[in-house]
Structure formats: structure tokens, C-alpha cells
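The file target.cif comes next; it holds mmCIF, C-alpha atoms and all ligand atoms.
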data_coords
#
loop_
_atom_site.label_atom_id
_atom_site.label_comp_id
_atom_site.auth_asym_id
_atom_site.auth_seq_id
_atom_site.Cartn_x
_atom_site.Cartn_y
_atom_site.Cartn_z
CA MET A 1 0.00 0.00 0.00
CA LEU A 2 2.54 2.59 1.09
CA GLY A 3 5.16 1.61 -1.48
CA ARG A 4 2.86 1.93 -4.50
CA ASP A 5 1.34 5.21 -3.29
CA LEU A 6 4.76 6.64 -2.50
CA GLU A 7 6.15 5.64 -5.88
CA ALA A 8 3.19 7.26 -7.69
CA ALA A 9 3.53 10.43 -5.59
CA ALA A 10 7.28 10.64 -6.16
CA VAL A 11 6.92 10.25 -9.93
CA ALA A 12 4.08 12.81 -9.98
CA ALA A 13 6.39 15.21 -8.11
CA GLY A 14 9.03 14.80 -10.82
CA HIS A 15 11.45 12.49 -9.02
CA VAL A 16 13.17 9.60 -10.73
CA CYS A 17 11.90 6.65 -8.74
CA PHE A 18 12.62 2.93 -8.87
CA GLY A 19 10.25 0.62 -7.01
CA ALA A 20 11.33 -2.90 -6.05
CA ASP A 21 9.30 -5.69 -4.47
CA LEU A 22 9.20 -9.42 -3.80
CA PRO A 23 10.06 -11.81 -5.35
CA GLU A 24 12.73 -9.97 -7.35
CA PHE A 25 13.89 -7.96 -4.37
CA ASP A 26 14.01 -9.38 -0.85
CA ILE A 27 15.31 -7.15 1.93
CA THR A 28 16.19 -10.19 4.05
CA ARG A 29 18.93 -11.11 1.58
CA ASP A 30 22.18 -9.40 2.42
CA ASP A 31 23.85 -10.24 -0.87
CA ALA A 32 24.30 -9.35 -4.51
CA GLN A 33 20.56 -8.92 -4.95
CA LEU A 34 20.68 -5.80 -2.79
CA ALA A 35 23.84 -4.60 -4.48
CA ALA A 36 22.04 -4.77 -7.84
CA LEU A 37 19.73 -1.93 -6.82
CA PRO A 38 20.41 1.17 -8.93
CA PRO A 39 22.27 4.08 -7.30
CA CYS A 40 19.99 6.59 -5.55
CA ASP A 41 20.07 9.56 -3.18
CA TRP A 42 17.30 8.17 -0.95
CA LEU A 43 16.12 4.66 -0.24
CA VAL A 44 12.65 4.40 1.34
CA ASN A 45 11.92 1.09 3.03
CA CYS A 46 8.20 0.35 2.68
CA ALA A 47 8.68 -3.40 3.07
CA ALA A 48 7.46 -5.01 6.25
CA PHE A 49 5.91 -8.08 7.81
CA THR A 50 2.50 -6.45 8.28
CA GLN A 51 0.42 -9.41 9.47
CA VAL A 52 0.24 -8.12 13.01
CA ASP A 53 -1.79 -11.03 14.35
CA ALA A 54 0.62 -13.60 12.83
CA ALA A 55 3.77 -11.87 14.11
CA GLU A 56 3.98 -13.83 17.35
CA GLN A 57 3.46 -17.20 15.64
CA ARG A 58 5.85 -16.43 12.78
CA ARG A 59 8.58 -14.72 14.78
CA GLU A 60 11.40 -15.78 12.45
CA ALA A 61 9.73 -14.31 9.36
CA CYS A 62 8.78 -11.20 11.31
CA PHE A 63 12.32 -10.57 12.60
CA ALA A 64 13.80 -11.30 9.17
CA GLY A 65 11.83 -8.39 7.74
CA GLN A 66 12.27 -6.00 10.61
CA PRO A 67 14.78 -5.40 12.09
CA ASP A 68 17.11 -7.63 10.03
CA GLY A 69 15.89 -6.42 6.62
CA ALA A 70 16.05 -2.81 7.72
CA ARG A 71 19.62 -3.42 8.92
CA ASN A 72 20.57 -4.81 5.51
CA LEU A 73 19.23 -1.68 3.82
CA ALA A 74 20.97 0.57 6.35
CA ARG A 75 24.29 -1.14 5.60
CA LEU A 76 23.71 -0.79 1.86
CA CYS A 77 22.94 2.92 2.25
CA ARG A 78 25.98 3.47 4.45
CA SER A 79 28.23 1.82 1.87
CA ARG A 80 26.74 3.98 -0.88
CA GLY A 81 26.44 7.24 1.02
CA CYS A 82 22.70 7.51 0.41
CA THR A 83 19.97 8.26 2.95
CA LEU A 84 17.63 5.58 4.29
CA LEU A 85 14.09 6.54 5.22
CA GLN A 86 12.74 3.79 7.48
CA VAL A 87 8.98 3.76 7.94
CA SER A 88 7.73 2.55 11.29
CA THR A 89 4.30 2.12 12.78
CA ASP A 90 2.27 3.64 15.55
CA TYR A 91 2.17 0.11 17.00
CA VAL A 92 5.82 0.80 17.99
CA PHE A 93 6.37 4.58 18.04
CA ASP A 94 3.56 6.94 18.96
CA GLY A 95 4.90 9.86 16.85
CA ARG A 96 4.96 12.31 19.76
CA LYS A 97 8.77 12.72 19.86
CA GLY A 98 8.65 15.55 17.31
CA ALA A 99 12.15 14.78 15.97
CA PRO A 100 13.92 11.99 14.09
CA LEU A 101 15.15 9.07 16.19
CA PRO A 102 18.95 8.71 16.37
CA GLY A 103 20.49 6.21 13.94
CA GLY A 104 22.52 3.19 15.04
N1 LIG B 201 -1.13 0.91 6.21
C1 LIG B 201 -1.14 1.61 7.35
O1 LIG B 201 -2.17 2.12 7.80
C2 LIG B 201 0.16 1.85 8.10
C3 LIG B 201 0.08 2.59 9.26
C4 LIG B 201 1.25 2.83 9.99
C5 LIG B 201 2.46 2.34 9.53
N2 LIG B 201 2.51 1.61 8.39
C6 LIG B 201 3.82 1.09 7.99
O2 LIG B 201 4.06 1.29 6.61
C7 LIG B 201 4.91 0.26 6.15
C8 LIG B 201 4.30 -0.38 4.92
O3 LIG B 201 3.04 -0.88 5.28
P1 LIG B 201 1.86 -1.12 4.22
O4 LIG B 201 0.61 -0.72 4.90
O5 LIG B 201 2.22 -0.52 2.91
O6 LIG B 201 1.91 -2.72 4.18
P2 LIG B 201 1.79 -3.73 2.95
O7 LIG B 201 0.80 -3.26 1.94
O8 LIG B 201 1.60 -5.09 3.59
O9 LIG B 201 3.20 -3.65 2.28
C9 LIG B 201 4.32 -4.31 2.79
C10 LIG B 201 5.05 -4.87 1.61
O10 LIG B 201 6.30 -5.40 2.04
C11 LIG B 201 6.51 -6.56 1.26
N3 LIG B 201 7.51 -7.41 1.89
C12 LIG B 201 7.35 -8.26 2.93
N4 LIG B 201 8.52 -8.87 3.21
C13 LIG B 201 9.43 -8.39 2.29
C14 LIG B 201 10.79 -8.68 2.04
N5 LIG B 201 11.48 -9.54 2.79
N6 LIG B 201 11.42 -8.02 1.03
C15 LIG B 201 10.73 -7.14 0.27
N7 LIG B 201 9.44 -6.84 0.44
C16 LIG B 201 8.79 -7.47 1.45
C17 LIG B 201 5.15 -7.21 1.17
O11 LIG B 201 5.14 -8.16 0.13
P3 LIG B 201 4.06 -9.37 0.22
O12 LIG B 201 2.71 -8.73 0.18
O13 LIG B 201 4.39 -10.18 -0.99
O14 LIG B 201 4.33 -10.08 1.51
C18 LIG B 201 4.28 -6.00 0.89
O15 LIG B 201 4.25 -5.71 -0.51
C19 LIG B 201 5.09 -0.74 7.31
O16 LIG B 201 6.32 -0.49 7.98
C20 LIG B 201 3.92 -0.41 8.21
O17 LIG B 201 4.20 -0.73 9.56
C21 LIG B 201 1.39 1.34 7.66
#
What's the C-alpha cells form of this structure?
Amino acid sequence: MLGRDLEAAAVAAGHVCFGADLPEFDITRDDAQLAALPPCDWLVNCAAFTQVDAAEQRREACFAGQPDGARNLARLCRSRGCTLLQVSTDYVFDGRKGAPLPGG
């Protein structure tokens, strides 16, 4: 949902935007598949294990997506000098901080 809407909005705003999704692009794979992503200034992670009710039963799949997948993207961005925008959820952060959270 977010990824498609964000891609459409970015293109409409005149940005060059490349959207990637399963099965061609899997954020849990810390390998050449990630490295094949085209260079960019910003990488927006809209991928997530979003089946909230299944998260406790499928812990391994849940953790593979977040935080492990987010970590893979953070490492890729660090190596390329581009900025990662990591989307979270109000299930975790309530949005009342009023400032970005510090990076790791
Ligand atoms: N929708 C909301 O109201 C809402 C509210 C607050 C925060 N958010 C946050 O926004 C983000 C996106 O949520 P959404 O609502 O857009 O959910 P969504 O429609 O379920 O999109 C998540 C996408 O991530 C993909 N994905 C899952 N594992 C992946 C992997 N290993 N590699 C690559 N892609 C993977 C899913 O593919 P499959 O479908 O093939 O599994 C799906 O296309 C999440 O972080 C969510 O917490 C959403």
C-alpha cells in the first residue's frame, strides 16, 4: 500500500523513482541482490511483515523483515552514502517525539 502510493507520488512530483518488491527484491537477503539496486540519493523502506496477528506465531519471518531487513538496507545505504528513510508504525512509536530518532 505505502510503497505503491509513495512511488506514484514521487513520480508525480518529478522524481526519478525505482520501485522494487518481492520476489525480485528481498530485503532479508544481504547479498548481490541488494547490491544490484540502482544508485539513488534516498532509499525508502516500505517493506514489512505487516500481518500483526501472525507476528507472534511467525517470529522468524517477522524478525527477518524488521529489524534484520532494515539493517541490511541501512548497511547498503551506508556503503553507498545515500539516505535511508525507514517507515515505522504507531504500533511501535507513537509519533509524539517531534524529531527523528537517532540512527545506530
Ligand atoms: N497501512 C497503514 O495504515 C500503516 C500505518 C502505519 C504504519 N505503516 C507502515 O508502513 C509500512 C508499509 O506498510 P503497508 O501498509 O504498505 O503494508 P503492505 O501493503 O503489507 O506492504 C508491505 C510490503 O512489504 C513486502 N515485503 C514483505 N517482506 C518483504 C521482504 N522480505 N522483502 C521485500 N518486500 C517485502 C510485502 O510483500 P508481500 O505482500 O508479498 O508479503 C508488501 O508488498 C510498514 O512499515 C507499516 O508498519 C502502515
ask   = Smallest atom-to-atom distance to Gln66 (chain A): which of A:Cys82, A:Ala99, A:Val11, A:Ala47, using only C-alpha atoms?
value =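 Smallest distance to Gln66 (chain A) is found for A:Ala47.
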request  = Residues within 9 Å of ligand LIG 201 (chain B) should be enumerated using all atoms listed in the file and returned as number ranges by chain.
outcome  = A: 1-5, 20-29, 45-51, 61-62, 64-66, 69, 86-92
key: Point-to-point distance in Å for CA of Ala70 (chain A) and CA of Gln33 (chain A)   =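 Distance reported for this atom pair: 14.8 Å.
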request  = Find, counting all atoms listed in the file, the residue in A:Gly95, A:Ala9, A:Asp68, A:Phe18 that gets nearest to Leu43 (chain A).
outcome  =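 Distance minimum relative to Leu43 (chain A) lands on A:Phe18.
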ask   = Which residue out of A:Ala32, A:Cys17, A:Pro39, A:Glu7 has the minimum interatomic distance to Gly81 (chain A) when only C-alpha atoms are used?
value =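 That would be A:Pro39, the residue with the smallest distance to Gly81 (chain A).
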query = Between CA of Val44 (chain A) and CA of Glu60 (chain A), what is the distance, to one decimal in Å?
reply = 23.1 Å
